[in-house]
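Engineer: Got a structure for you, written out below as structure tokens; questions coming shortly.
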Amino acid sequence: MKPTLLVLAAGMGSRYGGVKQIDAVGVHGETLLDFGVYDAHNAGYGKVVFIIRKDIEKDFRERLFDRIARNMDAEYVFQGLDSLLTEEQIKLSEGRKKPWGTIHALLCAKDVVKEPFTVINADDYYGRSAYQTLGKYLSGLDVNDTRHAMVGFTLENTMSRNGSVTRGICQVKDGNLESVVEHTKIEYAPDGRIVSHFNGEDIYLTGKEPVSMNFFGFTPRAFDDFYTYWENFIRENVKEEKKECLLPNGASEIVTSGKGSIRVFTSEDRWFGMTYPEDKPLVMSEIRAKLDSGYYPEKLWEK
């Protein structure tokens, strides 16, 4: 069974200052997502599903989707503020402006993803090996398997010099995930060390910690577990205007509750991505270097 690629592309891009999911970084107008989808396609993924906001649909189709859809099976679904909410919950959350988070986004695709699937962020570059590793693993699972997986990265390979980043710091034992805790503000301190501002405390890190970059592999069985996690979250936080239901925390819950396991594969590839506007020149330079080296063809897609 060929796995599906599920792309989280409904973010607001508040730190970037625009719709970074469809910002051109390649020599022919390709987005960062073009290269990720291309890598997944060549790694044997059969379909790609994008989760987007309704207000970016027109630009999304023109700048990315129509090109992808000419080259592989592709579709998209919408994540709205009222998606999955009851009428009462919609009224209680009327002050909400930002999306509900990555688990909420994932659940918006529940009805169209029927195969084992890999989740990725739209604004992160992961490297070819991650898709090959997880694609091979997922192709050997059936839809009810509870042996999920992820590709973890080394923290120091995922930092930005332009500001703080959000990373899920993982505890791994015997090749399996024990827990993951989302740290929403990790940055370089003035002395060059890496520090996480976590729950009002400064925690200094070595840089060697394995971290989640939302590169997870699940079977459709996980949707039920995530829906339970979401229901508990929205019941407690429906009036909150900023709290988000985050995928690393939900994945950790699957493990700690005994509902499934998550095997951890490790990538030594160096991350780059589109978090801040200052990141774009670096991303363009990295892509140009990969084109010059022959890692990618000059013209990515045939059509």
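By order in the structure tokens, chains are A, B, ...; within a chain, residues start at 1; ligands start at 1, following the order shown.
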Could you give me, as a PyMOL selection string, the residues within 10 Å of segment 136-147 of chain A, counting only C-alpha atoms and dropping anything in the same chain fewer than 3 positions from it?

Structural biologist: chain A and resi 1-4+43-45+114-118+131-133+150+176+217-222+254-255+258-263

Engineer: Write out as a ChimeraX atom specification which residues come within 12 Å of Thr166 of chain A when counting only C-alpha atoms, dropping same-chain ones fewer than 2 positions away.

Structural biologist: /A:124,155,158-160,163-164,168-169,181-187,195-198,211-214,246,248,275

Engineer: Just write the chosen residues, N, CA and C atoms, as a PDB file, in the first residue's frame.

Structural biologist:
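Wrote out_39.pdb, looks like this:
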```pdb
ATOM      1  N   ASP A 124       8.881  23.652   6.224  1.00  0.00           N
ATOM      2  CA  ASP A 124      10.123  23.009   6.634  1.00  0.00           C
ATOM      3  C   ASP A 124      10.691  22.160   5.505  1.00  0.00           C
ATOM      4  N   LEU A 155      18.674  18.657  17.441  1.00  0.00           N
ATOM      5  CA  LEU A 155      18.278  20.042  17.698  1.00  0.00           C
ATOM      6  C   LEU A 155      19.206  21.056  17.042  1.00  0.00           C
ATOM      7  N   THR A 158      18.560  22.123  13.555  1.00  0.00           N
ATOM      8  CA  THR A 158      17.242  22.684  13.232  1.00  0.00           C
ATOM      9  C   THR A 158      17.057  24.104  13.770  1.00  0.00           C
ATOM     10  N   MET A 159      18.134  24.747  14.190  1.00  0.00           N
ATOM     11  CA  MET A 159      18.028  26.084  14.776  1.00  0.00           C
ATOM     12  C   MET A 159      18.058  27.171  13.704  1.00  0.00           C
ATOM     13  N   SER A 160      17.482  28.334  14.052  1.00  0.00           N
ATOM     14  CA  SER A 160      17.515  29.499  13.174  1.00  0.00           C
ATOM     15  C   SER A 160      18.310  30.609  13.857  1.00  0.00           C
ATOM     16  N   GLY A 163      15.836  34.018  14.948  1.00  0.00           N
ATOM     17  CA  GLY A 163      14.837  34.097  16.005  1.00  0.00           C
ATOM     18  C   GLY A 163      14.575  32.737  16.617  1.00  0.00           C
ATOM     19  N   SER A 164      13.598  32.669  17.502  1.00  0.00           N
ATOM     20  CA  SER A 164      13.303  31.427  18.207  1.00  0.00           C
ATOM     21  C   SER A 164      12.539  30.454  17.324  1.00  0.00           C
ATOM     22  N   GLY A 168       9.681  19.942  19.420  1.00  0.00           N
ATOM     23  CA  GLY A 168       9.266  18.945  20.395  1.00  0.00           C
ATOM     24  C   GLY A 168      10.475  18.139  20.824  1.00  0.00           C
ATOM     25  N   ILE A 169      10.888  18.270  22.073  1.00  0.00           N
ATOM     26  CA  ILE A 169      12.057  17.544  22.569  1.00  0.00           C
ATOM     27  C   ILE A 169      11.632  16.137  22.992  1.00  0.00           C
ATOM     28  N   VAL A 181       7.840  16.661  24.448  1.00  0.00           N
ATOM     29  CA  VAL A 181       7.329  17.887  25.055  1.00  0.00           C
ATOM     30  C   VAL A 181       7.611  19.056  24.122  1.00  0.00           C
ATOM     31  N   GLU A 182       6.572  19.771  23.760  1.00  0.00           N
ATOM     32  CA  GLU A 182       6.702  20.897  22.840  1.00  0.00           C
ATOM     33  C   GLU A 182       7.274  22.108  23.563  1.00  0.00           C
ATOM     34  N   HIS A 183       8.424  22.572  23.083  1.00  0.00           N
ATOM     35  CA  HIS A 183       9.053  23.801  23.583  1.00  0.00           C
ATOM     36  C   HIS A 183       8.832  24.882  22.526  1.00  0.00           C
ATOM     37  N   THR A 184       8.100  25.916  22.886  1.00  0.00           N
ATOM     38  CA  THR A 184       7.645  26.890  21.888  1.00  0.00           C
ATOM     39  C   THR A 184       8.602  28.060  21.669  1.00  0.00           C
ATOM     40  N   LYS A 185       9.668  28.146  22.466  1.00  0.00           N
ATOM     41  CA  LYS A 185      10.607  29.260  22.271  1.00  0.00           C
ATOM     42  C   LYS A 185      12.025  28.814  22.599  1.00  0.00           C
ATOM     43  N   ILE A 186      12.688  28.227  21.607  1.00  0.00           N
ATOM     44  CA  ILE A 186      14.086  27.821  21.733  1.00  0.00           C
ATOM     45  C   ILE A 186      14.917  28.746  20.849  1.00  0.00           C
ATOM     46  N   GLU A 187      15.997  29.283  21.401  1.00  0.00           N
ATOM     47  CA  GLU A 187      16.808  30.218  20.628  1.00  0.00           C
ATOM     48  C   GLU A 187      18.257  30.189  21.112  1.00  0.00           C
ATOM     49  N   VAL A 195      19.046  27.907  24.418  1.00  0.00           N
ATOM     50  CA  VAL A 195      18.204  28.003  25.603  1.00  0.00           C
ATOM     51  C   VAL A 195      16.738  27.898  25.216  1.00  0.00           C
ATOM     52  N   SER A 196      15.973  27.189  26.034  1.00  0.00           N
ATOM     53  CA  SER A 196      14.523  27.108  25.877  1.00  0.00           C
ATOM     54  C   SER A 196      13.870  27.890  27.012  1.00  0.00           C
ATOM     55  N   HIS A 197      12.993  28.807  26.641  1.00  0.00           N
ATOM     56  CA  HIS A 197      12.215  29.546  27.634  1.00  0.00           C
ATOM     57  C   HIS A 197      10.930  28.752  27.841  1.00  0.00           C
ATOM     58  N   PHE A 198      10.928  27.925  28.873  1.00  0.00           N
ATOM     59  CA  PHE A 198       9.873  26.928  29.040  1.00  0.00           C
ATOM     60  C   PHE A 198       9.177  27.101  30.380  1.00  0.00           C
ATOM     61  N   VAL A 211      14.758  15.913  18.355  1.00  0.00           N
ATOM     62  CA  VAL A 211      13.559  16.741  18.367  1.00  0.00           C
ATOM     63  C   VAL A 211      12.598  16.327  17.260  1.00  0.00           C
ATOM     64  N   SER A 212      11.337  16.585  17.515  1.00  0.00           N
ATOM     65  CA  SER A 212      10.291  16.383  16.514  1.00  0.00           C
ATOM     66  C   SER A 212      10.155  17.625  15.661  1.00  0.00           C
ATOM     67  N   MET A 213      10.089  17.423  14.357  1.00  0.00           N
ATOM     68  CA  MET A 213       9.806  18.497  13.411  1.00  0.00           C
ATOM     69  C   MET A 213       8.464  18.243  12.727  1.00  0.00           C
ATOM     70  N   ASN A 214       7.573  17.536  13.430  1.00  0.00           N
ATOM     71  CA  ASN A 214       6.274  17.138  12.875  1.00  0.00           C
ATOM     72  C   ASN A 214       6.415  16.233  11.658  1.00  0.00           C
ATOM     73  N   LEU A 246      -1.613  20.566  19.807  1.00  0.00           N
ATOM     74  CA  LEU A 246      -0.395  20.321  19.054  1.00  0.00           C
ATOM     75  C   LEU A 246      -0.115  18.840  18.837  1.00  0.00           C
ATOM     76  N   PRO A 248       2.772  17.015  18.409  1.00  0.00           N
ATOM     77  CA  PRO A 248       3.724  16.280  19.253  1.00  0.00           C
ATOM     78  C   PRO A 248       3.141  15.863  20.595  1.00  0.00           C
ATOM     79  N   THR A 275      10.580  30.441   8.635  1.00  0.00           N
ATOM     80  CA  THR A 275       9.936  30.918   9.851  1.00  0.00           C
ATOM     81  C   THR A 275       9.869  32.442   9.870  1.00  0.00           C
TER      82      THR A 275
END
```

Engineer: Can you pull out every residue within 10 Å of segment 35-41 of chain A, counting only C-alpha atoms, but drop anything in the same chain fewer than 3 positions away, and send it as JSON, numbers by chain?

Structural biologist: {"A": [3, 4, 5, 6, 7, 26, 30, 31, 32, 44, 45, 46, 47, 48, 68, 71, 72, 73, 118, 120, 121, 122, 123, 124, 125, 126, 127, 128, 129, 130, 131, 132, 134, 135, 287, 296, 300, 301]}

Engineer: Please determine, counting only C-alpha atoms, which residue among A:Arg193, A:Lys91, A:Lys20, A:Lys97 has the shortest atom-to-atom distance to Phe60 of chain A.

Structural biologist: A:Lys20

Engineer: Separation of atom CA of Glu286 of chain A and atom CA of Gly152 of chain A, in Å?

Structural biologist: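 Atom CA of Gly152 of chain A lies 21.0 Å from atom CA of Glu286 of chain A.
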
Engineer: Pick from A:Ile234, A:Ala24, A:Val283, A:Leu247: nearest to Arg270 of chain A, with only C-alpha atoms counted?

Structural biologist: A:Val283

Engineer: Taking only segment 11-189 of chain A into account, list the residues labelled alpha helix (DSSP H) by DSSP (computed from the backbone), as a ChimeraX atom specification.

Structural biologist: /A:32-42,57-60,66-69,87-92,102-107,128-138

Engineer: Write out, as a CSV table (one decimal), in the first residue's frame, the residues just selected, with C-alpha atoms.

Structural biologist:
```
chain,number,residue,atom,x,y,z
A,32,LEU,CA,9.6,25.0,-0.6
A,33,LEU,CA,6.7,22.5,-0.6
A,34,ASP,CA,7.4,21.6,-4.3
A,35,PHE,CA,10.7,20.1,-3.2
A,36,GLY,CA,9.2,18.2,-0.3
A,37,VAL,CA,6.4,16.8,-2.4
A,38,TYR,CA,8.9,15.9,-5.2
A,39,ASP,CA,11.0,13.9,-2.7
A,40,ALA,CA,7.9,12.1,-1.4
A,41,HIS,CA,6.7,11.3,-4.9
A,42,ASN,CA,10.1,9.8,-5.8
A,57,GLU,CA,-7.3,28.8,-2.0
A,58,LYS,CA,-7.0,30.9,-5.2
A,59,ASP,CA,-3.4,31.8,-4.7
A,60,PHE,CA,-2.6,28.2,-3.4
A,66,ASP,CA,-2.4,23.0,-10.0
A,67,ARG,CA,1.3,22.2,-10.8
A,68,ILE,CA,1.5,19.4,-8.3
A,69,ALA,CA,-1.8,17.9,-9.4
A,87,GLU,CA,-22.7,25.2,17.5
A,88,GLU,CA,-22.3,25.8,21.2
A,89,GLN,CA,-18.5,25.6,20.9
A,90,ILE,CA,-18.5,28.1,18.0
A,91,LYS,CA,-20.4,30.6,20.1
A,92,LEU,CA,-18.0,30.1,23.1
A,102,THR,CA,-1.9,20.8,14.2
A,103,ILE,CA,-4.0,18.0,15.6
A,104,HIS,CA,-7.1,20.0,14.6
A,105,ALA,CA,-5.7,20.4,11.2
A,106,LEU,CA,-4.9,16.7,10.8
A,107,LEU,CA,-8.4,15.8,11.8
A,128,ARG,CA,15.2,13.2,0.9
A,129,SER,CA,16.2,10.5,3.3
A,130,ALA,CA,13.4,11.2,5.7
A,131,TYR,CA,10.7,10.5,3.1
A,132,GLN,CA,12.5,7.3,1.9
A,133,THR,CA,12.8,6.0,5.5
A,134,LEU,CA,9.3,6.7,6.6
A,135,GLY,CA,7.8,5.8,3.2
A,136,LYS,CA,9.4,2.3,3.3
A,137,TYR,CA,8.2,1.7,6.9
A,138,LEU,CA,4.6,2.9,6.3
```

Engineer: Taking into account only C-alpha atoms, which residue in the set A:Ile203, A:Val19, A:Met274, A:Val113 is nearest to Asn162 of chain A?

Structural biologist: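 For Asn162 of chain A, the nearest of the given residues is A:Met274.
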